[in-house]
Amino acid sequence: MLKYFSADWIFPVSSPPIKNGVVAVNPDGEIEEVLTEEEAGSLDLDIIKYKGSIVPGFINAHCHLELSHLLRQMPEQTGLVEFVQRIIKSRQGDIEEIKAAMYAADQKMFENGIVAVGDISNQISSKEVKAQSKIYYHTFIEAMGFNPERADAIMDDVKGIKQAFGSLSTSIVPHAPYSVSPELFELIKVEAEKDNTFISIHNQETEDENAFFENKSGGFLALYKFLGLDISFFAPTKKTSLQTWLPYIKEQKTLLVHNTVASRADVEFAKHINNKLYWCLCPQANLYIENALPDVDLLIEEGVKITLGTDSLASNHQLNILSEMITLQKYKQVAFEELLRWATINGAEFLELNQQIGTIEVGKKPGLNLIQLSADFIIESDQVKRLI
């Protein structure tokens, strides 16, 4: 038996919004019909009417479920280098507490209307949560190692983690330019080509990252010292971080995460090198760590594909994509319908789920969220009512 949902506005994303539209959903959550007010009015339907706007389920393109136990543990606005050091010192803990925190975070994401997550993992600890979740997860297993001599051993380790995830959707990815050697990038590329999969990387989150590659200066020198790493082998490339590393994986479909200090020259270089890039914004994490935001106007002007993520509860107060949208609407004045595409279909496309979720269309199972907008489509609250 079909359920008929209506609201002040329906935003299918794949087509213009429908005032007082109606969505018919079967018991499996599949969309059977999307009707205008006039079409629905000509039928004798039992319609559930809501005040607000109905949108598809959200996609969180970048998360770290493993770090959920660090909620409210990290001080804000320390800068990335100190933040990374604190994470390294703090990420271990009681196994049951860590697991409980992941279950709680997963449930909260579900309640916040998130239907799919691109999640970073450095170990196997999140497998149980993901296997039991109502949310779809693709796990990005991070390879980390700046010493070229360690590349083969590191790849063997992450392949073991990937195998341990079993049938769950996974891919091996580089952590960040400053933590992956060219030799390890090459091994990651080979693995991605073999599996015909997509990858993710933290990109240009701080000015220190560019400084390191351009002239071997900046805060990352202190990070390597903290880690006890000898980087005497490294010679600066005289290029920005992105312009240094992107040619290593120029054929792979790749999610660039954060992009806080990416310049127009970087974006234009990236577009020329790789036409399969998606740019993920995690604005609340950027404010939490660096108190800075990417040049969103630049990314819009350049016409790149943008997705949204939350990062982790170590760097955010909640895992809520609608809250990320509010931040971008407040600080960057991005139009709601643009934000909605970033939060739904673009993330679904990157995760290769766009045949199932991301838009309200017949035959899809996108989930339906009820949110509150003003008359001129300003998001009024970060509260989501998940309808299905």
# chains A, B, ... in the order shown; residues from 1 in each chain; ligands from 1
call {"tool": "closest_atom_pairs", "arguments": {"of": "stretch 276-301 of chain A", "to": "stretch 331-339 of chain A", "cutoff": "12 Å", "atoms": "only C-alpha atoms", "output": "JSON lines"}}
result
{"residue": "A:Leu281", "atom": "CA", "partner": "A:Leu339", "partner_atom": "CA", "distance": 10.9}
{"residue": "A:Pro283", "atom": "CA", "partner": "A:Tyr331", "partner_atom": "CA", "distance": 9.6}
{"residue": "A:Gln284", "atom": "CA", "partner": "A:Tyr331", "partner_atom": "CA", "distance": 10.9}
{"residue": "A:Leu287", "atom": "CA", "partner": "A:Tyr331", "partner_atom": "CA", "distance": 10.9}
{"residue": "A:Ala292", "atom": "CA", "partner": "A:Tyr331", "partner_atom": "CA", "distance": 10.6}
{"residue": "A:Leu293", "atom": "CA", "partner": "A:Tyr331", "partner_atom": "CA", "distance": 8.7}
{"residue": "A:Pro294", "atom": "CA", "partner": "A:Lys332", "partner_atom": "CA", "distance": 9.6}
{"residue": "A:Asp295", "atom": "CA", "partner": "A:Lys332", "partner_atom": "CA", "distance": 8.7}
{"residue": "A:Val296", "atom": "CA", "partner": "A:Lys332", "partner_atom": "CA", "distance": 6.9}
{"residue": "A:Asp297", "atom": "CA", "partner": "A:Lys332", "partner_atom": "CA", "distance": 7.6}
{"residue": "A:Leu298", "atom": "CA", "partner": "A:Lys332", "partner_atom": "CA", "distance": 11.0}
{"residue": "A:Leu299", "atom": "CA", "partner": "A:Val334", "partner_atom": "CA", "distance": 11.5}
{"residue": "A:Ile300", "atom": "CA", "partner": "A:Val334", "partner_atom": "CA", "distance": 9.3}
call {"tool": "residues_around", "arguments": {"residues": "stretch 231-238 of chain A", "least_positions_apart": "5", "cutoff": "6 Å", "atoms": "only C-alpha atoms", "output": "ChimeraX atom specification"}}
result
/A:213-216
call {"tool": "closest_atom_pairs", "arguments": {"of": "stretch 123-240 of chain A", "to": "stretch 86-94 of chain A", "cutoff": "12 Å", "atoms": "only C-alpha atoms", "output": "Markdown table"}}
result
| residue | atom | partner | partner_atom | distance |
| --- | --- | --- | --- | --- |
| A:Gln123 | CA | A:Gln92 | CA | 11.5 |
| A:Ser125 | CA | A:Gln92 | CA | 11.3 |
| A:Leu223 | CA | A:Ile88 | CA | 10.8 |
| A:Phe226 | CA | A:Ile88 | CA | 10.3 |
| A:Leu227 | CA | A:Ile88 | CA | 9.4 |
call {"tool": "atom_distance", "arguments": {"atom1": "atom CA of A:Ile172", "atom2": "atom CA of A:Ile199"}}
result
7.0 Å
call {"tool": "closest_residue", "arguments": {"among": "A:Val129, A:Ile54, A:Leu35, A:Leu43", "to": "A:Ala7", "atoms": "only C-alpha atoms"}}
result
A:Ile54
call {"tool": "closest_atom_pairs", "arguments": {"of": "stretch 228-287 of chain A", "to": "stretch 61-67 of chain A", "cutoff": "9 Å", "atoms": "only C-alpha atoms", "output": "JSON lines"}}
result
{"residue": "A:Leu255", "atom": "CA", "partner": "A:Ala61", "partner_atom": "CA", "distance": 8.6}
{"residue": "A:Val257", "atom": "CA", "partner": "A:His62", "partner_atom": "CA", "distance": 7.4}
{"residue": "A:Cys280", "atom": "CA", "partner": "A:Ala61", "partner_atom": "CA", "distance": 7.0}
{"residue": "A:Leu281", "atom": "CA", "partner": "A:His62", "partner_atom": "CA", "distance": 8.6}
{"residue": "A:Cys282", "atom": "CA", "partner": "A:His62", "partner_atom": "CA", "distance": 7.8}
call {"tool": "closest_residue", "arguments": {"among": "A:Asn316, A:Asn60, A:Asn112, A:Gln204", "to": "A:Ala343", "atoms": "only C-alpha atoms"}}
result
A:Asn60
call {"tool": "closest_residue", "arguments": {"among": "A:Ala153, A:Ile379, A:Met109, A:Val173", "to": "A:Lys134", "atoms": "only C-alpha atoms"}}
result
A:Met109
call {"tool": "closest_residue", "arguments": {"among": "A:Val55, A:Val25, A:Ala285, A:Ile47", "to": "A:Gln318", "atoms": "only C-alpha atoms"}}
result
A:Ala285
call {"tool": "select_by_dssp", "arguments": {"residues": "stretch 33-96 of chain A", "states": "helix (DSSP H, G or I)", "output": "number ranges by chain"}}
result
A: 37-41, 65-70, 80-90, 95-96
call {"tool": "closest_residue", "arguments": {"among": "A:Ile289, A:Leu308, A:Lys51, A:Leu328", "to": "A:Pro75", "atoms": "only C-alpha atoms"}}
result
A:Ile289
call {"tool": "residues_around", "arguments": {"residues": "stretch 11-15 of chain A", "least_positions_apart": "5", "cutoff": "8 Å", "atoms": "only C-alpha atoms", "output": "CSV table (one decimal) with all heavy atoms, in the first residue's frame"}}
result
chain,number,residue,atom,x,y,z
A,53,SER,N,9.4,21.6,3.9
A,53,SER,CA,9.9,21.2,2.6
A,53,SER,C,10.4,19.8,2.7
A,53,SER,O,11.2,19.4,3.6
A,53,SER,CB,11.0,22.1,2.1
A,53,SER,OG,10.4,23.4,1.9
A,54,ILE,N,10.1,18.9,1.7
A,54,ILE,CA,10.6,17.6,1.6
A,54,ILE,C,11.7,17.5,0.6
A,54,ILE,O,11.6,18.0,-0.5
A,54,ILE,CB,9.4,16.6,1.2
A,54,ILE,CG1,8.4,16.5,2.3
A,54,ILE,CG2,10.0,15.2,0.9
A,54,ILE,CD1,7.2,15.6,1.9
A,55,VAL,N,12.8,17.0,1.1
A,55,VAL,CA,14.0,16.8,0.2
A,55,VAL,C,14.5,15.4,0.3
A,55,VAL,O,14.2,14.6,1.2
A,55,VAL,CB,15.2,17.8,0.7
A,55,VAL,CG1,14.7,19.2,0.7
A,55,VAL,CG2,15.6,17.4,2.2
A,56,PRO,N,15.4,15.0,-0.6
A,56,PRO,CA,16.0,13.6,-0.6
A,56,PRO,C,16.9,13.5,0.7
A,56,PRO,O,17.4,14.4,1.3
A,56,PRO,CB,16.8,13.5,-1.9
A,56,PRO,CG,16.4,14.7,-2.7
A,56,PRO,CD,15.9,15.7,-1.8
A,337,GLU,N,19.1,25.8,-3.2
A,337,GLU,CA,19.0,24.7,-4.2
A,337,GLU,C,20.4,24.3,-4.7
A,337,GLU,O,20.6,23.1,-5.0
A,337,GLU,CB,18.2,25.1,-5.4
A,337,GLU,CG,16.7,25.2,-5.1
A,337,GLU,CD,15.8,25.5,-6.2
A,337,GLU,OE1,15.7,24.7,-7.1
A,337,GLU,OE2,15.3,26.7,-6.3
A,340,LEU,N,21.6,22.1,-1.8
A,340,LEU,CA,20.9,20.8,-1.8
A,340,LEU,C,21.5,19.9,-2.8
A,340,LEU,O,21.6,18.7,-2.6
A,340,LEU,CB,19.4,21.1,-2.1
A,340,LEU,CG,18.5,19.8,-2.0
A,340,LEU,CD1,18.6,19.3,-0.5
A,340,LEU,CD2,17.1,20.2,-2.3
A,341,ARG,N,21.9,20.4,-4.0
A,341,ARG,CA,22.6,19.5,-5.0
A,341,ARG,C,23.9,18.9,-4.4
A,341,ARG,O,24.2,17.7,-4.5
A,341,ARG,CB,22.9,20.2,-6.3
A,341,ARG,CG,21.7,20.4,-7.1
A,341,ARG,CD,22.1,20.9,-8.5
A,341,ARG,NE,22.6,22.2,-8.5
A,341,ARG,CZ,21.9,23.3,-8.6
A,341,ARG,NH1,20.6,23.3,-8.7
A,341,ARG,NH2,22.5,24.5,-8.6
A,345,ILE,N,22.6,14.8,-4.7
A,345,ILE,CA,23.0,14.1,-5.9
A,345,ILE,C,24.5,14.1,-6.2
A,345,ILE,O,25.0,13.1,-6.7
A,345,ILE,CB,22.2,14.7,-7.2
A,345,ILE,CG1,22.4,13.9,-8.4
A,345,ILE,CG2,22.5,16.1,-7.4
A,345,ILE,CD1,22.0,12.4,-8.3
A,358,GLY,N,19.7,10.2,-3.9
A,358,GLY,CA,20.2,11.5,-4.4
A,358,GLY,C,19.2,12.4,-4.9
A,358,GLY,O,19.3,13.6,-4.9
A,359,THR,N,18.1,11.9,-5.5
A,359,THR,CA,17.0,12.7,-6.0
A,359,THR,C,15.7,12.0,-5.8
A,359,THR,O,15.7,10.7,-5.6
A,359,THR,CB,17.1,12.9,-7.6
A,359,THR,OG1,17.1,11.6,-8.2
A,359,THR,CG2,18.4,13.6,-7.9
A,360,ILE,N,14.6,12.7,-5.8
A,360,ILE,CA,13.3,12.1,-5.6
A,360,ILE,C,12.7,11.9,-7.0
A,360,ILE,O,12.2,12.7,-7.7
A,360,ILE,CB,12.3,13.1,-4.8
A,360,ILE,CG1,12.9,13.4,-3.4
A,360,ILE,CG2,10.9,12.5,-4.7
A,360,ILE,CD1,12.2,14.4,-2.6
A,361,GLU,N,12.9,10.6,-7.4
A,361,GLU,CA,12.5,10.2,-8.8
A,361,GLU,C,11.9,8.8,-8.7
A,361,GLU,O,12.3,8.0,-7.8
A,361,GLU,CB,13.7,10.2,-9.7
A,361,GLU,CG,14.3,11.5,-10.1
A,361,GLU,CD,15.4,11.4,-11.1
A,361,GLU,OE1,15.1,11.4,-12.3
A,361,GLU,OE2,16.6,11.3,-10.7
call {"tool": "residues_around", "arguments": {"residues": "A:Ile357", "least_positions_apart": "6", "cutoff": "8 Å", "atoms": "only C-alpha atoms", "output": "number ranges by chain"}}
result
A: 56-57, 344-345, 348, 364-367
